[in-house]
Structures are given as C-alpha cells and as structure tokens.
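See below for final-v6.tsv, which holds TSV, C-alpha atoms and all ligand atoms.
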```tsv
chain	number	residue	atom	x	y	z
Q	1	MET	CA	17.14	-11.35	-84.89
Q	2	THR	CA	20.51	-12.23	-86.42
Q	3	THR	CA	21.24	-15.53	-88.20
Q	4	LEU	CA	24.46	-16.57	-89.91
Q	5	TYR	CA	24.24	-19.43	-92.41
Q	6	GLY	CA	27.44	-21.31	-93.18
Q	7	SER	CA	29.73	-23.86	-91.61
Q	8	SER	CA	32.86	-22.69	-89.80
Q	9	LYS	CA	34.75	-24.90	-92.29
Q	10	SER	CA	33.84	-22.44	-95.07
Q	11	ARG	CA	34.22	-18.72	-95.75
Q	12	ALA	CA	31.47	-18.31	-93.15
Q	13	ALA	CA	34.30	-18.54	-90.59
Q	14	ARG	CA	35.11	-14.93	-91.51
Q	15	SER	CA	31.66	-13.68	-90.55
Q	16	LEU	CA	31.42	-15.89	-87.49
Q	17	TRP	CA	34.68	-14.31	-86.36
Q	18	ALA	CA	33.20	-10.82	-86.84
Q	19	LEU	CA	30.03	-11.77	-84.92
Q	20	GLU	CA	32.07	-13.23	-82.05
Q	21	GLU	CA	34.41	-10.25	-81.98
Q	22	LEU	CA	31.43	-7.86	-81.85
Q	23	GLY	CA	29.62	-9.84	-79.16
Q	24	VAL	CA	26.42	-9.97	-81.24
Q	25	LYS	CA	23.83	-12.51	-80.11
Q	26	TYR	CA	23.13	-14.68	-83.15
Q	27	ASP	CA	21.83	-18.03	-84.35
Q	28	HIS	CA	24.25	-20.16	-86.31
Q	29	VAL	CA	22.97	-22.49	-89.04
Q	30	PRO	CA	26.06	-24.42	-90.17
Q	31	VAL	CA	25.14	-24.93	-93.84
Q	32	ALA	CA	28.00	-26.89	-95.44
Q	33	PRO	CA	29.38	-25.77	-98.84
Q	34	ALA	CA	27.93	-28.98	-100.31
Q	35	GLU	CA	24.45	-27.82	-99.22
Q	36	ALA	CA	24.86	-24.26	-100.45
Q	37	LYS	CA	22.90	-24.94	-103.66
Q	38	SER	CA	19.87	-26.29	-101.80
Q	39	ALA	CA	16.54	-24.63	-102.63
Q	40	ASP	CA	16.47	-23.00	-99.18
Q	41	ASN	CA	19.92	-21.50	-99.50
Q	42	LEU	CA	19.34	-20.38	-103.11
Q	43	LYS	CA	16.38	-18.38	-101.80
Q	44	ARG	CA	18.74	-16.60	-99.40
Q	45	ASN	CA	21.64	-16.25	-101.85
Q	46	PRO	CA	20.96	-16.76	-105.59
Q	47	ASN	CA	24.67	-17.51	-106.06
Q	48	GLY	CA	24.24	-20.68	-104.00
Q	49	HIS	CA	27.09	-19.84	-101.65
Q	50	VAL	CA	27.70	-19.42	-97.95
Q	51	PRO	CA	28.01	-17.33	-95.84
Q	52	VAL	CA	24.66	-15.54	-95.75
Q	53	LEU	CA	23.56	-13.16	-93.00
Q	54	GLU	CA	19.97	-12.37	-92.08
Q	55	ASP	CA	19.79	-9.46	-89.68
Q	56	ASP	CA	16.41	-8.01	-88.74
Q	57	GLY	CA	15.07	-8.64	-92.26
Q	58	ILE	CA	18.22	-7.51	-94.07
Q	59	VAL	CA	19.86	-10.26	-96.11
Q	60	VAL	CA	23.54	-9.88	-96.96
Q	61	TRP	CA	25.83	-12.27	-98.83
Q	62	GLU	CA	29.54	-11.98	-99.70
Q	63	SER	CA	31.71	-12.48	-96.64
Q	64	MET	CA	33.44	-9.09	-96.78
Q	65	ALA	CA	30.15	-7.23	-97.30
Q	66	ILE	CA	28.63	-9.08	-94.35
Q	67	ASN	CA	31.57	-8.13	-92.15
Q	68	LEU	CA	31.62	-4.47	-93.17
Q	69	TYR	CA	27.87	-4.30	-92.54
Q	70	LEU	CA	28.22	-5.95	-89.13
Q	71	ALA	CA	31.10	-3.70	-88.12
Q	72	GLU	CA	29.21	-0.57	-89.16
Q	73	LYS	CA	26.04	-1.65	-87.36
Q	74	TYR	CA	27.47	-3.16	-84.19
Q	75	GLY	CA	31.10	-2.08	-83.95
Q	76	LYS	CA	31.06	1.68	-83.56
Q	77	ASN	CA	33.24	1.60	-80.46
Q	78	SER	CA	35.45	-1.24	-81.55
Q	79	LEU	CA	35.82	-2.67	-85.05
Q	80	TRP	CA	34.32	0.16	-87.11
Q	81	PRO	CA	36.63	3.17	-87.66
Q	82	SER	CA	35.31	6.51	-86.47
Q	83	ASP	CA	35.79	8.63	-89.60
Q	84	LEU	CA	35.35	8.52	-93.37
Q	85	ALA	CA	39.06	8.02	-94.02
Q	86	GLY	CA	38.93	5.00	-91.73
Q	87	HIS	CA	35.91	3.63	-93.57
Q	88	ALA	CA	37.75	4.07	-96.88
Q	89	ALA	CA	40.71	2.18	-95.45
Q	90	ALA	CA	38.42	-0.63	-94.27
Q	91	TYR	CA	36.93	-0.96	-97.77
Q	92	LYS	CA	40.36	-0.71	-99.37
Q	93	TRP	CA	41.89	-3.49	-97.28
Q	94	SER	CA	38.85	-5.74	-97.61
Q	95	PHE	CA	38.94	-5.49	-101.43
Q	96	PHE	CA	42.70	-5.97	-101.33
Q	97	GLY	CA	42.26	-9.25	-99.45
Q	98	MET	CA	39.63	-10.51	-101.87
Q	99	THR	CA	41.25	-9.43	-105.13
Q	100	GLU	CA	45.01	-9.40	-104.55
Q	101	ALA	CA	45.34	-12.42	-102.28
Q	102	GLU	CA	42.31	-14.74	-102.23
Q	103	PRO	CA	42.47	-15.98	-105.86
Q	104	HIS	CA	46.14	-17.00	-105.46
Q	105	LEU	CA	45.49	-18.68	-102.12
Q	106	MET	CA	42.55	-20.54	-103.66
Q	107	SER	CA	44.74	-21.68	-106.55
Q	108	ILE	CA	47.28	-23.15	-104.11
Q	109	LEU	CA	44.53	-24.80	-102.07
Q	110	ARG	CA	42.94	-26.32	-105.17
Q	111	ASN	CA	46.18	-27.49	-106.73
Q	112	ARG	CA	47.77	-28.87	-103.57
Q	113	VAL	CA	44.91	-29.89	-101.29
Q	114	MET	CA	41.34	-29.81	-102.60
Q	115	ASN	CA	41.51	-31.27	-106.10
Q	116	PRO	CA	41.93	-35.00	-106.58
Q	117	PRO	CA	45.64	-35.77	-107.23
Q	118	ASP	CA	45.16	-36.20	-111.01
Q	119	LYS	CA	43.55	-32.73	-111.24
Q	120	ARG	CA	46.33	-30.89	-109.40
Q	121	ASP	CA	48.73	-28.59	-111.25
Q	122	GLU	CA	51.91	-27.87	-109.28
Q	123	ASN	CA	53.03	-25.23	-111.81
Q	124	ALA	CA	49.83	-23.27	-111.18
Q	125	ALA	CA	50.43	-23.58	-107.41
Q	126	LEU	CA	54.02	-22.34	-107.79
Q	127	ALA	CA	52.84	-19.40	-109.92
Q	128	ALA	CA	50.34	-18.50	-107.20
Q	129	VAL	CA	53.04	-18.69	-104.49
Q	130	GLU	CA	55.08	-16.26	-106.61
Q	131	ALA	CA	52.10	-13.94	-107.16
Q	132	LEU	CA	51.42	-13.75	-103.42
Q	133	LYS	CA	54.82	-12.20	-102.75
Q	134	ALA	CA	53.62	-8.78	-103.95
Q	135	PRO	CA	50.52	-8.43	-101.71
Q	136	PHE	CA	52.46	-9.79	-98.72
Q	137	LYS	CA	55.14	-7.16	-99.33
Q	138	VAL	CA	52.48	-4.42	-99.51
Q	139	LEU	CA	51.06	-5.65	-96.21
Q	140	ASP	CA	54.49	-5.88	-94.61
Q	141	GLN	CA	55.41	-2.33	-95.62
Q	142	SER	CA	52.03	-0.95	-94.57
Q	143	LEU	CA	52.43	-2.45	-91.10
Q	144	GLN	CA	55.84	-0.94	-90.42
Q	145	GLY	CA	55.69	1.17	-87.25
Q	146	ARG	CA	52.07	0.27	-86.45
Q	147	GLU	CA	50.32	-2.50	-84.61
Q	148	TYR	CA	47.39	-2.87	-86.99
Q	149	LEU	CA	46.40	-1.78	-90.50
Q	150	LEU	CA	44.67	1.42	-89.43
Q	151	GLY	CA	46.90	2.26	-86.48
Q	152	ASN	CA	47.05	0.93	-82.97
Q	153	SER	CA	43.75	-0.87	-82.67
Q	154	PHE	CA	42.32	-3.98	-84.27
Q	155	THR	CA	39.54	-3.10	-86.74
Q	156	ILE	CA	37.39	-4.80	-89.34
Q	157	ALA	CA	40.19	-4.12	-91.85
Q	158	ASP	CA	42.50	-6.43	-89.91
Q	159	LEU	CA	39.79	-9.03	-89.39
Q	160	ASN	CA	38.85	-9.13	-93.06
Q	161	VAL	CA	42.38	-9.35	-94.42
Q	162	ALA	CA	43.54	-11.81	-91.75
Q	163	SER	CA	40.50	-14.03	-92.29
Q	164	VAL	CA	41.34	-14.29	-96.00
Q	165	LEU	CA	45.04	-14.85	-95.26
Q	166	SER	CA	44.24	-17.56	-92.71
Q	167	TRP	CA	44.43	-19.86	-95.73
Q	168	ALA	CA	48.17	-19.03	-95.94
Q	169	ALA	CA	48.62	-20.79	-92.61
Q	170	MET	CA	46.60	-23.77	-93.87
Q	171	ILE	CA	48.87	-24.22	-96.87
Q	172	ARG	CA	52.00	-23.46	-94.80
Q	173	LEU	CA	53.01	-20.59	-97.05
Q	174	ASP	CA	56.56	-19.44	-96.39
Q	175	GLN	CA	56.16	-15.88	-95.08
Q	176	SER	CA	59.70	-15.44	-93.78
Q	177	ALA	CA	60.45	-12.67	-96.32
Q	178	THR	CA	57.68	-10.53	-94.76
Q	179	PRO	CA	58.14	-10.99	-90.99
Q	180	THR	CA	56.07	-7.97	-89.94
Q	181	ALA	CA	53.05	-9.19	-91.90
Q	182	GLN	CA	53.62	-12.71	-90.58
Q	183	ALA	CA	53.68	-11.54	-86.94
Q	184	TRP	CA	50.57	-9.39	-87.49
Q	185	LEU	CA	48.73	-12.34	-89.06
Q	186	GLN	CA	49.62	-14.63	-86.14
Q	187	LYS	CA	48.48	-11.96	-83.68
Q	188	CYS	CA	45.13	-11.48	-85.46
Q	189	LEU	CA	44.43	-15.19	-85.93
Q	190	GLY	CA	45.33	-15.85	-82.29
Q	191	ARG	CA	42.47	-13.70	-80.99
Q	192	GLU	CA	40.03	-15.40	-78.64
Q	193	ALA	CA	37.02	-14.74	-80.87
Q	194	ASN	CA	38.70	-16.51	-83.78
Q	195	ALA	CA	39.73	-19.45	-81.60
Q	196	LYS	CA	36.08	-19.80	-80.56
Q	197	VAL	CA	34.97	-19.98	-84.21
Q	198	ARG	CA	37.32	-22.89	-84.85
Q	199	LYS	CA	35.27	-24.94	-82.38
Q	200	LEU	CA	31.92	-24.20	-84.06
Q	201	PRO	CA	30.31	-26.67	-86.50
Q	301	LIG	N1	32.93	-14.43	-102.59
Q	301	LIG	C1	32.08	-15.24	-101.76
Q	301	LIG	C2	32.45	-16.71	-101.98
Q	301	LIG	C3	31.50	-17.64	-101.26
Q	301	LIG	C4	31.83	-19.11	-101.57
Q	301	LIG	O1	32.31	-19.47	-102.66
Q	301	LIG	N2	31.55	-19.97	-100.58
Q	301	LIG	C5	31.78	-21.36	-100.75
Q	301	LIG	C6	32.16	-22.00	-99.41
Q	301	LIG	S1	33.70	-21.41	-98.82
Q	301	LIG	C7	30.49	-22.06	-101.20
Q	301	LIG	O2	29.42	-21.69	-100.76
Q	301	LIG	N3	30.60	-23.06	-102.06
Q	301	LIG	C8	29.48	-23.86	-102.47
Q	301	LIG	C9	29.29	-23.90	-103.95
Q	301	LIG	O3	29.95	-23.13	-104.68
Q	301	LIG	O4	28.46	-24.71	-104.39
Q	301	LIG	C10	32.23	-14.83	-100.30
Q	301	LIG	O5	33.32	-14.37	-99.92
Q	301	LIG	O6	31.28	-14.94	-99.52
```
Would you mind writing the structure in this file as structure tokens?
Ligand SMILES: N[C@@H](CCC(=O)N[C@@H](CS)C(=O)NCC(=O)O)C(=O)O
Amino acid sequence: MTTLYGSSKSRAARSLWALEELGVKYDHVPVAPAEAKSADNLKRNPNGHVPVLEDDGIVVWESMAINLYLAEKYGKNSLWPSDLAGHAAAYKWSFFGMTEAEPHLMSILRNRVMNPPDKRDENAALAAVEALKAPFKVLDQSLQGREYLLGNSFTIADLNVASVLSWAAMIRLDQSATPTAQAWLQKCLGREANAKVRKLP
C-alpha cells in the first residue's frame, strides 16, 4: 500500500507528480503545511513537514528522497536510469535543484509573496534573482544538444529539478537569458501527469 501525505499546494506536488508519472496506485492524504506539525504528522516525519511517503511499511520524507526512491522502485523502464552513471546524474541534479536553486527561489517567494508586506525585503529578493542566474546558466549549458538532462528521455532528474524550478514560473522569473533551460522547463511542467497534480487537493 502506498500513501502520500501532503497537499498539492506544498512541496508534496513534487512527489504527487512522480507518483502520477509512474502510474503507481496510491492514496493521497492532502495534509496542508499548516497541519504538518500535528501529532499524527510528527509521528510520520519528526521534522513536522510534508511530503511524507508510506510505501509498504517504508516511511520516507524529503521530497527529493521520496522521488528517487519511487523512481528506483517503480520506474525501471521509464524514470529511473539504467546504469550507475545515470543514477549518479539523478542524484547530482536532484541535489543541485535543492541546494543551488531552491533557497534562492524560496527567498524570492518569501520576500515578494508569502511574507506580510511589512516583513518583505526587496533587496533580499533582488539578491536571490541575481544568485539564480548561475544555476540557470549551468542548466542551460547542460541542455545544449539534448532534449533532457540525461539525454533524450525524461527521467527523475528532469522531474526533480523542474519541480523545484516550477516556483520560477510562480514568481515570473525572467529566464530570457537562458532560453534552452526555459524551453526545457516549460516542456517538463507541461506534462500530463503534472497537469493532473495541479487539480488535486
Ligand atoms: N526539504 C523538505 C522541505 C519540506 C517542507 O518544508 N515542507 C513544507 C510545505 S512546502 C512544510 O511542511 N511546512 C510546514 C511547517 O514547516 O510547519 C522537502 O523537500 O520535503
């Protein structure tokens, strides 16, 4: 039995996308971020965060870890690369998304959207916009001459990075300096499985 805890309006969207892409039959419990520190959720994830996956008795938290686990277990002929070099690339790109891009995207979100107006810092947002230029350039260069990050097929590496970078679309980040990365991101986010997640609670 497979259960994913977390609302589609949270980072759980990343893991819902992976589950939909993989065609796994699962139950969805749309725990909102505001409920993530409930006693029930703290039992599942001592950090008090969503998403959390329960899969046949295995509990996994951290969105990228959940997705790499799901891809390895269920995606052998699709999302999970077939060799060790491919696995390394999937880990590499997933960590890249979380460490090189997510903190800057979160800073922009906080300082332009999420914080109350008197707690917003436009200078911090501008610094984050500047800092994002480097990872977007890395992505743009890495995608030259290839359809997807690992070659010609969509893998968990694309899903993980694109799911983090989906926030760039939310904050209308100007990506015109990196058109290849921009086109790749649109292509990934436009996938049917991701569109389905947007309709989930
Ligand atoms: N690094 C974690 C972050 C999880 C996280 O911060 N989730 C947010 C929702 S997007 C949350 O649960 N917030 C509730 C809280 O911090 O109380 C992951 O990627 O899964």
Residues near segment 168-180 of chain Q, anyone? I mean within 10 Å using all atoms listed in the file, not counting same-chain ones fewer than 5 positions away, as a PyMOL selection string. chain Q and resi 101-102+104-106+108-109+112-113+129+132-133+136-147+162-163+185-186+189
Lys92 of chain Q: which residues within 12 Å, counting only C-alpha atoms, same-chain residues fewer than 2 positions away excluded, as a ChimeraX atom specification? /Q:64,68,85-90,94-100,149-150,156-158,160-161
Could you turn the residues from that selection into a file that holds C-alpha atoms, as a tab-separated table (two decimals), in the coordinates of the input?
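Listing of part_12.tsv after writing:
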```tsv
chain	number	residue	atom	x	y	z
Q	64	MET	CA	33.44	-9.09	-96.78
Q	68	LEU	CA	31.62	-4.47	-93.17
Q	85	ALA	CA	39.06	8.02	-94.02
Q	86	GLY	CA	38.93	5.00	-91.73
Q	87	HIS	CA	35.91	3.63	-93.57
Q	88	ALA	CA	37.75	4.07	-96.88
Q	89	ALA	CA	40.71	2.18	-95.45
Q	90	ALA	CA	38.42	-0.63	-94.27
Q	94	SER	CA	38.85	-5.74	-97.61
Q	95	PHE	CA	38.94	-5.49	-101.43
Q	96	PHE	CA	42.70	-5.97	-101.33
Q	97	GLY	CA	42.26	-9.25	-99.45
Q	98	MET	CA	39.63	-10.51	-101.87
Q	99	THR	CA	41.25	-9.43	-105.13
Q	100	GLU	CA	45.01	-9.40	-104.55
Q	149	LEU	CA	46.40	-1.78	-90.50
Q	150	LEU	CA	44.67	1.42	-89.43
Q	156	ILE	CA	37.39	-4.80	-89.34
Q	157	ALA	CA	40.19	-4.12	-91.85
Q	158	ASP	CA	42.50	-6.43	-89.91
Q	160	ASN	CA	38.85	-9.13	-93.06
Q	161	VAL	CA	42.38	-9.35	-94.42
```
I'd like the interatomic distance between atom C9 of ligand LIG 301 (chain Q) and atom CA of Ala39 of chain Q, to a tenth of an Å.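 Distance between the two atoms: 12.8 Å.
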From the options Q:Met1, Q:Val24, Q:Ala18, Q:Leu53, which residue's atoms come nearest to ligand LIG 301 (chain Q), counting only C-alpha atoms and all ligand atoms?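 Using only C-alpha atoms and all ligand atoms, the shortest distance to ligand LIG 301 (chain Q) belongs to Q:Leu53.
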Could you list, as a compact mmCIF listing (two decimals) with C-alpha atoms, keeping the file's coordinate frame, all the residues within 8 Å of ligand LIG 301 (chain Q), counting only C-alpha atoms and all ligand atoms?
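Written output follows (out-v9.txt):
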```
# COMPACT_ATOMS: atom_id res chain seq x y z
CA GLY Q 6 27.44 -21.31 -93.18
CA LYS Q 9 34.75 -24.90 -92.29
CA SER Q 10 33.84 -22.44 -95.07
CA ARG Q 11 34.22 -18.72 -95.75
CA ALA Q 12 31.47 -18.31 -93.15
CA ALA Q 32 28.00 -26.89 -95.44
CA PRO Q 33 29.38 -25.77 -98.84
CA ALA Q 34 27.93 -28.98 -100.31
CA GLU Q 35 24.45 -27.82 -99.22
CA ALA Q 36 24.86 -24.26 -100.45
CA LYS Q 37 22.90 -24.94 -103.66
CA ASN Q 47 24.67 -17.51 -106.06
CA GLY Q 48 24.24 -20.68 -104.00
CA HIS Q 49 27.09 -19.84 -101.65
CA VAL Q 50 27.70 -19.42 -97.95
CA PRO Q 51 28.01 -17.33 -95.84
CA VAL Q 52 24.66 -15.54 -95.75
CA TRP Q 61 25.83 -12.27 -98.83
CA GLU Q 62 29.54 -11.98 -99.70
CA SER Q 63 31.71 -12.48 -96.64
CA MET Q 64 33.44 -9.09 -96.78
CA MET Q 98 39.63 -10.51 -101.87
```
In Å, rounded to a single decimal, give me how far atom CA of Arg14 of chain Q is from atom CA of Val197 of chain Q.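 One can read the atom CA of Val197 of chain Q to atom CA of Arg14 of chain Q distance as 8.9 Å.
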Please, what is the axis-aligned box for every listed atom of segment 132-150 of chain Q with 4 Å on each side, as centre and edge lengths in Å to one decimal, as JSON?
```
{"center_x": 50.3, "center_y": -6.2, "center_z": -94.3, "size_x": 19.2, "size_y": 23.2, "size_z": 27.3}
```
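Proximity to Leu200 of chain Q was assessed for Q:Thr3, Q:His28, Q:Asp40, Q:Leu19 counting all atoms listed in the file; the smallest distance is recorded for Q:His28.
Here atom CA of Lys196 of chain Q stands at a distance of 12.5 Å from atom CA of Ser15 of chain Q.
If you measure from each of Q:Thr2, Q:Pro103, Q:Ala13, Q:Ser8 to Lys73 of chain Q using all atoms listed in the file, the closest one turns out to be Q:Thr2.
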(26.6, -1.5, -85.7) in this file's frame - what residues fall within 6 Å of it? Use all atoms listed in the file and give the answer as a ChimeraX atom specification. /Q:70-76
Atoms to include: C-alpha atoms. Write the selected residues as an mmCIF file, in the coordinates of the input.
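Wrote again_29.cif, looks like this:
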```cif
data_model
loop_
_atom_site.group_PDB
_atom_site.id
_atom_site.type_symbol
_atom_site.label_atom_id
_atom_site.label_comp_id
_atom_site.auth_asym_id
_atom_site.auth_seq_id
_atom_site.Cartn_x
_atom_site.Cartn_y
_atom_site.Cartn_z
ATOM 1 C CA LEU Q 70 28.220 -5.950 -89.130
ATOM 2 C CA ALA Q 71 31.100 -3.700 -88.120
ATOM 3 C CA GLU Q 72 29.210 -0.570 -89.160
ATOM 4 C CA LYS Q 73 26.040 -1.650 -87.360
ATOM 5 C CA TYR Q 74 27.470 -3.160 -84.190
ATOM 6 C CA GLY Q 75 31.100 -2.080 -83.950
ATOM 7 C CA LYS Q 76 31.060 1.680 -83.560
#
```
I need the residue nearest Tyr91 of chain Q from this list: Q:Leu159, Q:Trp167, Q:Leu42, Q:Cys188. Use all atoms listed in the file for the distance. Q:Leu159
Of the residues Q:Leu126, Q:Ala193, Q:Leu79, Q:Ala134, which is the one nearest to Phe154 of chain Q, using only C-alpha atoms? Q:Leu79
